[in-house]
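Q: What follows is work_29.cif, made up of mmCIF, C-alpha atoms and all ligand atoms:
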data_my_file
#
loop_
_atom_site.label_atom_id
_atom_site.label_comp_id
_atom_site.auth_asym_id
_atom_site.auth_seq_id
_atom_site.Cartn_x
_atom_site.Cartn_y
_atom_site.Cartn_z
CA MET H 194 -21.33 -92.21 41.41
CA ALA H 195 -18.07 -93.99 42.12
CA ASN H 196 -15.08 -92.95 40.04
CA GLU H 197 -13.21 -96.08 38.97
CA HIS H 198 -9.85 -94.28 39.05
CA ILE H 199 -10.18 -93.36 42.70
CA ILE H 200 -8.22 -95.51 45.14
CA GLY H 201 -10.04 -95.70 48.44
CA GLN H 202 -9.19 -97.32 51.73
CA ARG H 203 -7.16 -100.53 51.85
CA ASP H 204 -9.38 -103.35 50.73
CA ASP H 205 -7.64 -106.62 51.55
CA PRO H 206 -9.97 -109.34 52.79
CA GLY H 207 -7.08 -111.17 54.44
CA MET H 208 -5.87 -108.19 56.44
CA PRO H 209 -7.97 -106.84 59.31
CA ARG H 210 -8.17 -103.12 60.07
CA TYR H 211 -5.81 -103.53 63.00
CA GLY H 212 -3.14 -105.20 60.86
CA GLY H 213 -0.53 -103.71 58.57
CA ILE H 214 1.09 -100.28 58.55
CA ALA H 215 -1.26 -97.46 59.52
CA THR H 216 -1.75 -94.76 56.95
CA PHE H 217 -4.46 -92.27 57.85
CA ALA H 218 -7.79 -94.09 57.56
CA LEU H 219 -5.93 -96.87 55.71
CA LEU H 220 -5.84 -94.60 52.65
CA PRO H 221 -3.25 -94.97 49.88
CA GLN H 222 0.03 -93.13 50.17
CA ALA H 223 0.58 -90.19 47.83
CA HIS H 224 2.97 -92.07 45.52
CA ALA H 225 0.27 -94.64 44.75
CA VAL H 226 -1.86 -92.12 42.83
CA GLU H 227 -1.30 -89.71 39.96
CA HIS H 228 -3.23 -86.87 41.53
CA ALA H 229 -4.61 -86.22 44.99
CA ASP H 230 -7.56 -83.94 45.53
CA ILE H 231 -7.05 -83.96 49.27
CA ALA H 232 -3.96 -84.96 51.24
CA VAL H 233 -3.74 -85.74 54.91
CA VAL H 234 -0.24 -84.75 56.00
CA GLY H 235 1.46 -85.13 59.33
CA ILE H 236 3.56 -82.26 60.64
CA PRO H 237 5.74 -83.61 63.45
CA PHE H 238 6.78 -80.27 64.93
CA ASP H 239 6.36 -79.00 68.48
CA SER H 240 9.18 -76.52 69.02
CA GLY H 241 6.66 -73.70 69.34
CA THR H 242 4.93 -75.18 72.35
CA SER H 243 4.81 -73.15 75.59
CA PHE H 244 3.95 -75.86 78.12
CA ARG H 245 4.02 -79.64 77.75
CA PRO H 246 6.08 -80.74 74.72
CA GLY H 247 5.47 -83.89 72.69
CA ALA H 248 2.97 -83.01 69.94
CA ARG H 249 5.71 -83.91 67.46
CA PHE H 250 4.54 -87.47 68.03
CA GLY H 251 0.93 -86.56 67.22
CA PRO H 252 0.80 -87.57 63.54
CA ALA H 253 1.85 -91.19 64.12
CA HIS H 254 -0.54 -91.46 67.08
CA VAL H 255 -3.49 -90.10 65.09
CA ARG H 256 -2.76 -92.44 62.19
CA GLU H 257 -2.70 -95.41 64.56
CA HIS H 258 -6.08 -94.36 65.93
CA SER H 259 -7.61 -93.77 62.50
CA ARG H 260 -7.94 -97.45 61.58
CA GLN H 261 -11.62 -97.50 62.43
CA LEU H 262 -12.57 -94.66 60.09
CA HIS H 263 -15.08 -96.00 57.62
CA PRO H 264 -15.85 -95.18 53.99
CA TYR H 265 -19.42 -94.02 54.55
CA HIS H 266 -20.55 -91.13 56.76
CA PHE H 267 -24.16 -92.05 57.25
CA MET H 268 -25.20 -88.87 59.03
CA HIS H 269 -24.19 -86.93 55.93
CA ASP H 270 -25.03 -89.71 53.48
CA ALA H 271 -21.53 -89.09 52.13
CA HIS H 272 -18.59 -91.20 50.91
CA PRO H 273 -15.58 -89.03 51.72
CA PHE H 274 -13.06 -91.33 49.96
CA ARG H 275 -15.13 -92.34 46.94
CA ASP H 276 -15.70 -89.30 44.78
CA ARG H 277 -12.36 -87.56 45.12
CA GLN H 278 -8.88 -88.91 45.63
CA VAL H 279 -7.82 -88.65 49.26
CA VAL H 280 -4.33 -89.79 50.23
CA ASP H 281 -1.99 -89.91 53.18
CA ALA H 282 0.94 -87.81 51.97
CA GLY H 283 3.10 -88.83 54.90
CA ASP H 284 4.85 -86.32 57.12
CA PHE H 285 6.29 -82.99 56.05
CA ARG H 286 10.06 -82.86 56.43
CA VAL H 287 10.71 -80.51 59.33
CA GLY H 288 13.47 -80.22 61.91
CA PRO H 289 13.13 -79.36 65.59
CA TYR H 290 15.80 -76.71 66.30
CA ASP H 291 15.08 -73.67 64.15
CA ILE H 292 11.49 -72.44 64.20
CA GLU H 293 11.89 -69.98 61.32
CA ALA H 294 13.46 -72.66 59.14
CA ALA H 295 10.76 -75.14 60.11
CA VAL H 296 7.99 -72.70 59.25
CA ALA H 297 9.64 -71.94 55.90
CA SER H 298 9.93 -75.65 55.17
CA ILE H 299 6.29 -76.35 56.05
CA HIS H 300 5.24 -73.39 53.89
CA ALA H 301 7.22 -74.65 50.89
CA GLN H 302 5.82 -78.17 51.15
CA ALA H 303 2.26 -76.91 51.60
CA ARG H 304 2.64 -74.54 48.65
CA SER H 305 3.90 -77.37 46.48
CA LEU H 306 0.83 -79.48 47.25
CA GLY H 307 -1.45 -76.48 46.67
CA GLU H 308 0.10 -75.85 43.26
CA GLN H 309 -0.77 -79.43 42.33
CA GLY H 310 -4.41 -78.72 43.17
CA THR H 311 -4.29 -80.70 46.40
CA ARG H 312 -6.02 -79.43 49.49
CA ILE H 313 -4.43 -80.22 52.84
CA ILE H 314 -5.77 -81.54 56.11
CA ALA H 315 -2.78 -81.35 58.42
CA ILE H 316 -2.27 -83.39 61.58
CA GLY H 317 -0.05 -81.67 64.12
CA GLY H 318 2.19 -80.92 65.68
CA ASP H 319 1.67 -77.82 67.76
CA HIS H 320 -0.43 -74.87 66.58
CA THR H 321 2.59 -73.04 65.17
CA ILE H 322 2.10 -75.08 62.02
CA ALA H 323 -1.10 -73.19 61.20
CA LEU H 324 0.90 -70.09 60.22
CA PRO H 325 2.77 -71.58 57.25
CA LEU H 326 -0.36 -73.48 56.21
CA LEU H 327 -2.33 -70.23 56.21
CA ARG H 328 0.45 -68.54 54.22
CA ALA H 329 0.22 -71.23 51.56
CA ALA H 330 -3.59 -71.27 51.46
CA ALA H 331 -3.92 -67.47 51.37
CA ALA H 332 -1.35 -67.17 48.56
CA GLN H 333 -3.57 -69.45 46.51
CA HIS H 334 -7.05 -68.37 47.56
CA GLY H 335 -6.72 -64.85 48.97
CA PRO H 336 -7.55 -63.71 52.50
CA LEU H 337 -9.16 -66.51 54.47
CA ALA H 338 -12.15 -66.73 56.78
CA VAL H 339 -10.67 -68.77 59.61
CA LEU H 340 -12.88 -70.94 61.77
CA HIS H 341 -10.79 -71.75 64.81
CA PHE H 342 -11.83 -74.25 67.47
CA ASP H 343 -9.57 -73.89 70.52
CA ALA H 344 -9.54 -73.34 74.27
CA HIS H 345 -7.12 -70.46 73.64
CA LEU H 346 -7.09 -67.35 71.48
CA ASP H 347 -3.73 -67.98 69.79
CA THR H 348 -3.58 -64.30 68.84
CA TRP H 349 -0.90 -63.41 71.37
CA ASP H 350 2.21 -61.49 70.41
CA THR H 351 5.54 -62.76 71.74
CA LEU H 352 6.61 -65.23 74.42
CA HIS H 353 10.16 -65.54 75.73
CA GLY H 354 11.17 -63.26 72.87
CA ALA H 355 9.76 -65.48 70.15
CA SER H 356 7.25 -64.06 67.69
CA ILE H 357 6.46 -67.40 66.08
CA TRP H 358 5.19 -69.92 68.65
CA HIS H 359 1.99 -71.88 69.18
CA GLY H 360 0.15 -68.97 70.82
CA SER H 361 0.66 -66.50 67.96
CA PRO H 362 -0.23 -68.06 64.58
CA PHE H 363 -3.42 -66.10 64.04
CA ARG H 364 -1.93 -62.77 65.11
CA ARG H 365 0.96 -63.19 62.70
CA ALA H 366 -1.48 -64.31 60.00
CA ALA H 367 -3.63 -61.21 60.55
CA GLU H 368 -0.57 -58.93 60.41
CA GLU H 369 0.53 -60.56 57.16
CA GLY H 370 -2.85 -59.99 55.52
CA LEU H 371 -3.67 -63.70 55.33
CA LEU H 372 -7.02 -63.37 57.12
CA ASP H 373 -10.26 -61.75 56.09
CA LEU H 374 -10.62 -59.65 59.23
CA GLU H 375 -14.40 -59.38 58.91
CA HIS H 376 -14.95 -63.11 58.81
CA CYS H 377 -12.92 -65.02 61.42
CA GLN H 378 -14.42 -66.88 64.36
CA HIS H 379 -13.12 -68.61 67.47
CA VAL H 380 -15.17 -71.38 69.05
CA GLY H 381 -14.66 -72.99 72.47
CA ILE H 382 -12.50 -70.28 74.07
CA ARG H 383 -12.11 -70.44 77.83
CA GLY H 384 -8.54 -70.12 79.02
CA GLY H 385 -5.18 -68.55 79.17
CA VAL H 386 -5.91 -64.82 79.25
CA TYR H 387 -3.65 -62.61 81.41
CA ASP H 388 -5.23 -59.25 80.69
CA PRO H 389 -8.37 -57.79 79.02
CA SER H 390 -6.20 -56.07 76.41
CA GLU H 391 -5.59 -59.51 74.91
CA LEU H 392 -9.26 -59.70 74.00
CA GLU H 393 -9.04 -56.31 72.29
CA ASP H 394 -5.97 -57.48 70.35
CA ASP H 395 -7.90 -60.58 69.40
CA ALA H 396 -10.77 -58.56 67.94
CA GLN H 397 -8.19 -56.50 66.02
CA ALA H 398 -6.91 -59.75 64.53
CA GLY H 399 -10.34 -60.32 63.02
CA PHE H 400 -11.92 -62.76 65.46
CA ARG H 401 -15.19 -62.98 67.33
CA ILE H 402 -15.62 -65.42 70.20
CA ILE H 403 -18.07 -68.19 71.02
CA THR H 404 -17.03 -69.42 74.44
CA SER H 405 -16.98 -72.99 75.65
CA GLU H 406 -19.55 -71.99 78.24
CA GLU H 407 -22.05 -71.11 75.52
CA PHE H 408 -22.20 -74.75 74.48
CA GLY H 409 -23.97 -75.52 77.73
CA ARG H 410 -26.88 -73.21 77.08
CA ARG H 411 -27.16 -72.89 73.30
CA THR H 412 -28.16 -75.33 70.63
CA PRO H 413 -25.68 -76.57 68.03
CA GLU H 414 -28.04 -75.07 65.43
CA SER H 415 -27.76 -71.57 66.84
CA ILE H 416 -23.98 -71.83 67.17
CA ALA H 417 -23.64 -73.11 63.60
CA GLU H 418 -25.90 -70.35 62.34
CA GLN H 419 -23.74 -67.72 64.03
CA ILE H 420 -20.58 -69.29 62.59
CA ARG H 421 -22.03 -69.31 59.06
CA ALA H 422 -23.09 -65.69 59.32
CA ARG H 423 -19.63 -64.68 60.52
CA LEU H 424 -17.69 -66.68 57.92
CA GLY H 425 -19.56 -65.21 54.97
CA SER H 426 -19.03 -66.60 51.49
CA GLY H 427 -15.25 -66.47 50.94
CA PRO H 428 -12.68 -69.26 51.28
CA VAL H 429 -12.72 -70.95 54.69
CA TYR H 430 -9.84 -72.51 56.60
CA ILE H 431 -10.77 -74.64 59.62
CA SER H 432 -8.20 -75.03 62.38
CA ILE H 433 -9.04 -77.38 65.24
CA ASP H 434 -6.87 -77.45 68.35
CA ILE H 435 -7.80 -80.68 70.09
CA ASP H 436 -7.65 -78.79 73.40
CA VAL H 437 -10.99 -77.26 72.48
CA LEU H 438 -12.30 -80.53 73.91
CA ASP H 439 -12.54 -80.96 77.65
CA PRO H 440 -9.55 -82.85 79.12
CA ALA H 441 -12.01 -85.68 79.81
CA HIS H 442 -12.40 -85.99 76.02
CA ALA H 443 -8.82 -85.10 75.06
CA PRO H 444 -6.35 -85.50 77.90
CA GLY H 445 -3.39 -85.89 75.57
CA THR H 446 -2.65 -82.29 74.72
CA GLY H 447 -0.05 -79.69 75.61
CA THR H 448 -2.06 -76.97 77.32
CA PRO H 449 -5.23 -78.61 78.68
CA GLU H 450 -8.05 -76.37 79.96
CA VAL H 451 -10.94 -77.67 82.04
CA ALA H 452 -14.61 -76.92 81.30
CA GLY H 453 -14.31 -77.64 77.62
CA ILE H 454 -16.76 -79.01 75.09
CA SER H 455 -17.38 -82.68 74.42
CA THR H 456 -16.48 -84.56 71.26
CA ARG H 457 -20.22 -84.96 70.58
CA GLU H 458 -20.79 -81.21 70.86
CA LEU H 459 -17.90 -80.51 68.48
CA PHE H 460 -19.22 -82.96 65.92
CA ALA H 461 -22.77 -81.67 66.24
CA VAL H 462 -21.61 -78.21 65.22
CA LEU H 463 -19.24 -79.42 62.50
CA ARG H 464 -22.00 -81.52 60.94
CA LEU H 465 -24.13 -78.40 60.58
CA LEU H 466 -21.47 -76.68 58.48
CA ARG H 467 -22.11 -78.30 55.11
CA GLY H 468 -21.67 -76.14 52.04
CA LEU H 469 -18.74 -74.04 53.25
CA PRO H 470 -16.01 -73.38 50.66
CA ILE H 471 -13.29 -75.11 52.70
CA VAL H 472 -9.79 -74.75 51.24
CA GLY H 473 -7.86 -76.50 53.99
CA GLY H 474 -7.62 -77.30 57.65
CA ASP H 475 -5.70 -78.79 60.50
CA VAL H 476 -6.13 -80.80 63.68
CA VAL H 477 -3.33 -79.98 66.09
CA GLU H 478 -1.86 -80.33 69.58
CA VAL H 479 -2.27 -84.09 70.04
CA LEU H 480 0.29 -85.18 72.64
CA PRO H 481 0.45 -88.97 72.89
CA ALA H 482 2.56 -89.10 76.06
CA HIS H 483 -0.36 -87.67 78.06
CA ASP H 484 -3.06 -89.61 76.25
CA HIS H 485 -4.95 -92.42 77.94
CA ALA H 486 -6.53 -95.36 76.16
CA GLY H 487 -6.16 -93.52 72.86
CA ILE H 488 -8.96 -91.10 73.77
CA THR H 489 -7.26 -88.08 72.23
CA GLY H 490 -5.91 -89.99 69.26
CA LEU H 491 -9.38 -91.28 68.46
CA ALA H 492 -10.96 -87.86 68.91
CA ALA H 493 -8.40 -86.28 66.59
CA ALA H 494 -8.64 -88.99 63.93
CA HIS H 495 -12.40 -88.77 63.83
CA THR H 496 -12.29 -84.97 63.86
CA ALA H 497 -10.05 -85.06 60.79
CA TRP H 498 -12.53 -87.44 59.15
CA GLU H 499 -15.36 -85.00 59.89
CA LEU H 500 -13.32 -82.22 58.29
CA LEU H 501 -12.50 -84.34 55.24
CA THR H 502 -16.13 -85.24 54.80
CA LEU H 503 -17.21 -81.59 54.96
CA ILE H 504 -14.91 -80.58 52.11
CA ASP H 505 -17.00 -80.17 48.93
CA LEU H 506 -20.10 -81.44 50.72
CA PRO H 507 -23.04 -79.43 49.37
CA ALA H 508 -25.50 -77.71 51.68
CA ARG H 509 -28.61 -79.77 52.24
CA GLU H 510 -31.39 -79.12 49.78
CA GLY H 511 -34.09 -76.84 51.02
CA GLY H 512 -31.96 -74.73 53.31
CA ALA H 513 -28.50 -73.48 54.07
CA ALA H 514 -28.24 -75.01 57.50
CA GLY H 515 -26.44 -78.32 57.87
MN MN S 601 -4.12 -73.58 69.80
#
Using the file provided, produce a representation of the structure as structure tokens.

A:
Amino acid sequence: MANEHIIGQRDDPGMPRYGGIATFALLPQAHAVEHADIAVVGIPFDSGTSFRPGARFGPAHVREHSRQLHPYHFMHDAHPFRDRQVVDAGDFRVGPYDIEAAVASIHAQARSLGEQGTRIIAIGGDHTIALPLLRAAAAQHGPLAVLHFDAHLDTWDTLHGASIWHGSPFRRAAEEGLLDLEHCQHVGIRGGVYDPSELEDDAQAGFRIITSEEFGRRTPESIAEQIRARLGSGPVYISIDIDVLDPAHAPGTGTPEVAGISTRELFAVLRLLRGLPIVGGDVVEVLPAHDHAGITGLAAAHTAWELLTLIDLPAREGGAAG
């Protein structure tokens, strides 16, 4: 039942979807509402990136490509913007030169939203931003079951002497006690490993791996079932690096890896994950300078919409699956 106090997407008969300033999904800005249940926030930070820079421009690009997001998700029979207040909270204030200061600033802003009872879907930015978001979410909810879609493990230690960079957020999070080490799962892994010891370190950080290759020979149902079993029943944080998609589906990203999954495969699995207690999430590593025809921006915008829709969505009656 619609809540009359909820402000949904812009509804101006004289203004087409392609007109006006782009907030995410043409949702209201945070200052237009008294309370937000869910906030989409941009985090324009890419100083932790190890290869191509430019994900700092991701949030604006994703917003621009989110104009076609609609109020009804017919495959779920859900209205993601009708029954709870979703807003675009703008971008977090974050500078480019000092990674530690940036991470502290992101943490403080995420914590502030959390204390107001607002859950966050963050648009990156490079994957470094997951660490302060996990810090804020774990402080509020306890150790998190992290579901991580990515071509890469992101449980590495240091690079060029830096301990906080976009390849280490989940290692640092595990060390800090932010993760439930029995219940974390990677999906889509295929690249970037120098040495087998990195896989051992990854398991120590609490993760199990479903490779990209498995998508070619398994059903979405079996993958989703494995994910559910691994995540268990505690609070879930979903982190989606857009490079989990094949470069054909997401060319605009900082560390592309071939032989990835398709957007359709990603959505097929996500749509089977109803009923998870999701406390937050992110979609990261969108790099507009390498995007073509908005492919990556569209994929990221719609991925964020899938995540938003999943939040609070009950499991289907008659079974846990999807
Ligand atoms: Mn990543």

Q: Would you compute the distance between atom CA of H:Asp239 and atom CA of H:Val437? Give it in Å to one decimal.

A: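 It comes out at 17.9 Å.
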
Q: Please extract the residues at most 6 Å from ligand MN 601 (chain S), counting all atoms listed in the file, and provide them as a ChimeraX atom specification, using the chain letters and residue numbers of this document.

A: /H:320,343,345,347,434

Q: Choose the residue, out of H:Val479, H:Ile200, H:Ile504, H:Val462, that has the smallest atom-to-atom separation from H:Ala492; count all atoms listed in the file.

A: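 The answer is H:Val479, which sits nearest to H:Ala492.
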
Q: Just want the 12 Å neighbourhood of stretch 422-427 of chain H, counted on all atoms listed in the file, with same-chain residues fewer than 6 positions away dropped. Output as a ChimeraX atom specification.

A: /H:331,334-341,372-380,399-403,415-416,466,468-472,513-514

Q: For H:Pro362, which residue out of H:Gly307, H:Pro209, H:Phe217, H:Gly241 is the nearest one, using all atoms listed in the file?

A: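 Closest candidate: H:Gly241.
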
Q: Pick from H:Gly445, H:Gly370, H:Pro440, H:Gly381: nearest to H:Leu459, with all atoms listed in the file counted?

A: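 The answer is H:Gly381, which sits nearest to H:Leu459.
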
Q: What's around stretch 298-300 of chain H at 9 Å? Count only C-alpha atoms, leave out sequence neighbours fewer than 6 positions away in its own chain, and write the answer as a ChimeraX atom specification.

A: /H:236,285-288,322,324-329

Q: What box, with edges along x, y and z, holds each listed atom of stretch 438-451 of chain H when 6 Å is added on every side, and can you state its centre and edge lengths in Å to one decimal, as JSON?

A:
{"center_x": -6.3, "center_y": -81.2, "center_z": 78.0, "size_x": 24.5, "size_y": 21.6, "size_z": 20.1}

Q: Atom CA of H:Pro237 and atom CA of H:Asp284 are how many Å apart?

A: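 Separation of atom CA of H:Pro237 and atom CA of H:Asp284: 6.9 Å.
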
Q: Give as number ranges by chain each residue that has an atom at most 12 Å from (-7.8, -84.2, 49.4) in the file, counting all atoms listed in the file.

A: H: 199, 201, 220-223, 226, 228-234, 273-282, 306-307, 309-315, 471-474, 497-498, 500-505

Q: Please compute the atom CA of H:Gln302-atom CA of H:His224 distance, one decimal, in Å.

A: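 Atom-to-atom, atom CA of H:Gln302 to atom CA of H:His224, that is 15.3 Å.
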
Q: Taking only C-alpha atoms into account, name the residue in H:Thr404, H:Thr496, H:Thr321, H:Ser305 that is nearest to H:Ala443.

A: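 Looking at the shortest contact to H:Ala443, the residue is H:Thr496.
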
Q: Using only C-alpha atoms, pick whichever of H:Met208, H:Leu463, H:Leu371, H:Ile316 has the shortest atom-to-atom distance to H:Val255.

A: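 Using only C-alpha atoms, H:Val255 sits closest to H:Ile316.
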
Q: For H:Glu406, which residue out of H:Glu369, H:Leu392, H:Tyr430, H:Ile454 is the nearest one, using only C-alpha atoms?

A: H:Ile454

Q: Place N, CA and C atoms on stretch 374-389 of chain H and deliver the coordinates as a PDB file, in the frame of the given file.

A:
ATOM      1  N   LEU H 374     -10.413 -60.100  57.841  1.00  0.00           N
ATOM      2  CA  LEU H 374     -10.620 -59.650  59.230  1.00  0.00           C
ATOM      3  C   LEU H 374     -12.090 -59.454  59.594  1.00  0.00           C
ATOM      4  N   GLU H 375     -12.968 -59.499  58.617  1.00  0.00           N
ATOM      5  CA  GLU H 375     -14.400 -59.380  58.910  1.00  0.00           C
ATOM      6  C   GLU H 375     -15.052 -60.747  59.125  1.00  0.00           C
ATOM      7  N   HIS H 376     -14.294 -61.800  58.927  1.00  0.00           N
ATOM      8  CA  HIS H 376     -14.950 -63.110  58.810  1.00  0.00           C
ATOM      9  C   HIS H 376     -14.253 -64.256  59.556  1.00  0.00           C
ATOM     10  N   CYS H 377     -13.564 -63.935  60.658  1.00  0.00           N
ATOM     11  CA  CYS H 377     -12.920 -65.020  61.420  1.00  0.00           C
ATOM     12  C   CYS H 377     -13.660 -65.249  62.736  1.00  0.00           C
ATOM     13  N   GLN H 378     -13.625 -66.495  63.186  1.00  0.00           N
ATOM     14  CA  GLN H 378     -14.420 -66.880  64.360  1.00  0.00           C
ATOM     15  C   GLN H 378     -13.673 -67.892  65.209  1.00  0.00           C
ATOM     16  N   HIS H 379     -13.592 -67.605  66.516  1.00  0.00           N
ATOM     17  CA  HIS H 379     -13.120 -68.610  67.470  1.00  0.00           C
ATOM     18  C   HIS H 379     -14.337 -69.341  68.048  1.00  0.00           C
ATOM     19  N   VAL H 380     -14.124 -70.608  68.373  1.00  0.00           N
ATOM     20  CA  VAL H 380     -15.170 -71.380  69.050  1.00  0.00           C
ATOM     21  C   VAL H 380     -14.524 -72.209  70.169  1.00  0.00           C
ATOM     22  N   GLY H 381     -15.111 -72.147  71.358  1.00  0.00           N
ATOM     23  CA  GLY H 381     -14.660 -72.990  72.470  1.00  0.00           C
ATOM     24  C   GLY H 381     -13.695 -72.322  73.430  1.00  0.00           C
ATOM     25  N   ILE H 382     -13.491 -71.029  73.269  1.00  0.00           N
ATOM     26  CA  ILE H 382     -12.500 -70.280  74.070  1.00  0.00           C
ATOM     27  C   ILE H 382     -12.879 -70.321  75.553  1.00  0.00           C
ATOM     28  N   ARG H 383     -11.862 -70.497  76.385  1.00  0.00           N
ATOM     29  CA  ARG H 383     -12.110 -70.440  77.830  1.00  0.00           C
ATOM     30  C   ARG H 383     -10.886 -70.137  78.664  1.00  0.00           C
ATOM     31  N   GLY H 384      -9.680 -70.191  78.117  1.00  0.00           N
ATOM     32  CA  GLY H 384      -8.540 -70.120  79.020  1.00  0.00           C
ATOM     33  C   GLY H 384      -7.408 -69.240  78.578  1.00  0.00           C
ATOM     34  N   GLY H 385      -6.497 -69.064  79.491  1.00  0.00           N
ATOM     35  CA  GLY H 385      -5.180 -68.550  79.170  1.00  0.00           C
ATOM     36  C   GLY H 385      -5.017 -67.054  79.048  1.00  0.00           C
ATOM     37  N   VAL H 386      -6.003 -66.265  79.458  1.00  0.00           N
ATOM     38  CA  VAL H 386      -5.910 -64.820  79.250  1.00  0.00           C
ATOM     39  C   VAL H 386      -5.320 -64.147  80.507  1.00  0.00           C
ATOM     40  N   TYR H 387      -4.286 -63.324  80.305  1.00  0.00           N
ATOM     41  CA  TYR H 387      -3.650 -62.610  81.410  1.00  0.00           C
ATOM     42  C   TYR H 387      -4.341 -61.273  81.666  1.00  0.00           C
ATOM     43  N   ASP H 388      -4.840 -60.645  80.606  1.00  0.00           N
ATOM     44  CA  ASP H 388      -5.230 -59.250  80.690  1.00  0.00           C
ATOM     45  C   ASP H 388      -6.307 -58.946  79.648  1.00  0.00           C
ATOM     46  N   PRO H 389      -7.289 -58.071  79.982  1.00  0.00           N
ATOM     47  CA  PRO H 389      -8.370 -57.790  79.020  1.00  0.00           C
ATOM     48  C   PRO H 389      -7.875 -57.262  77.675  1.00  0.00           C
TER      49      PRO H 389
END
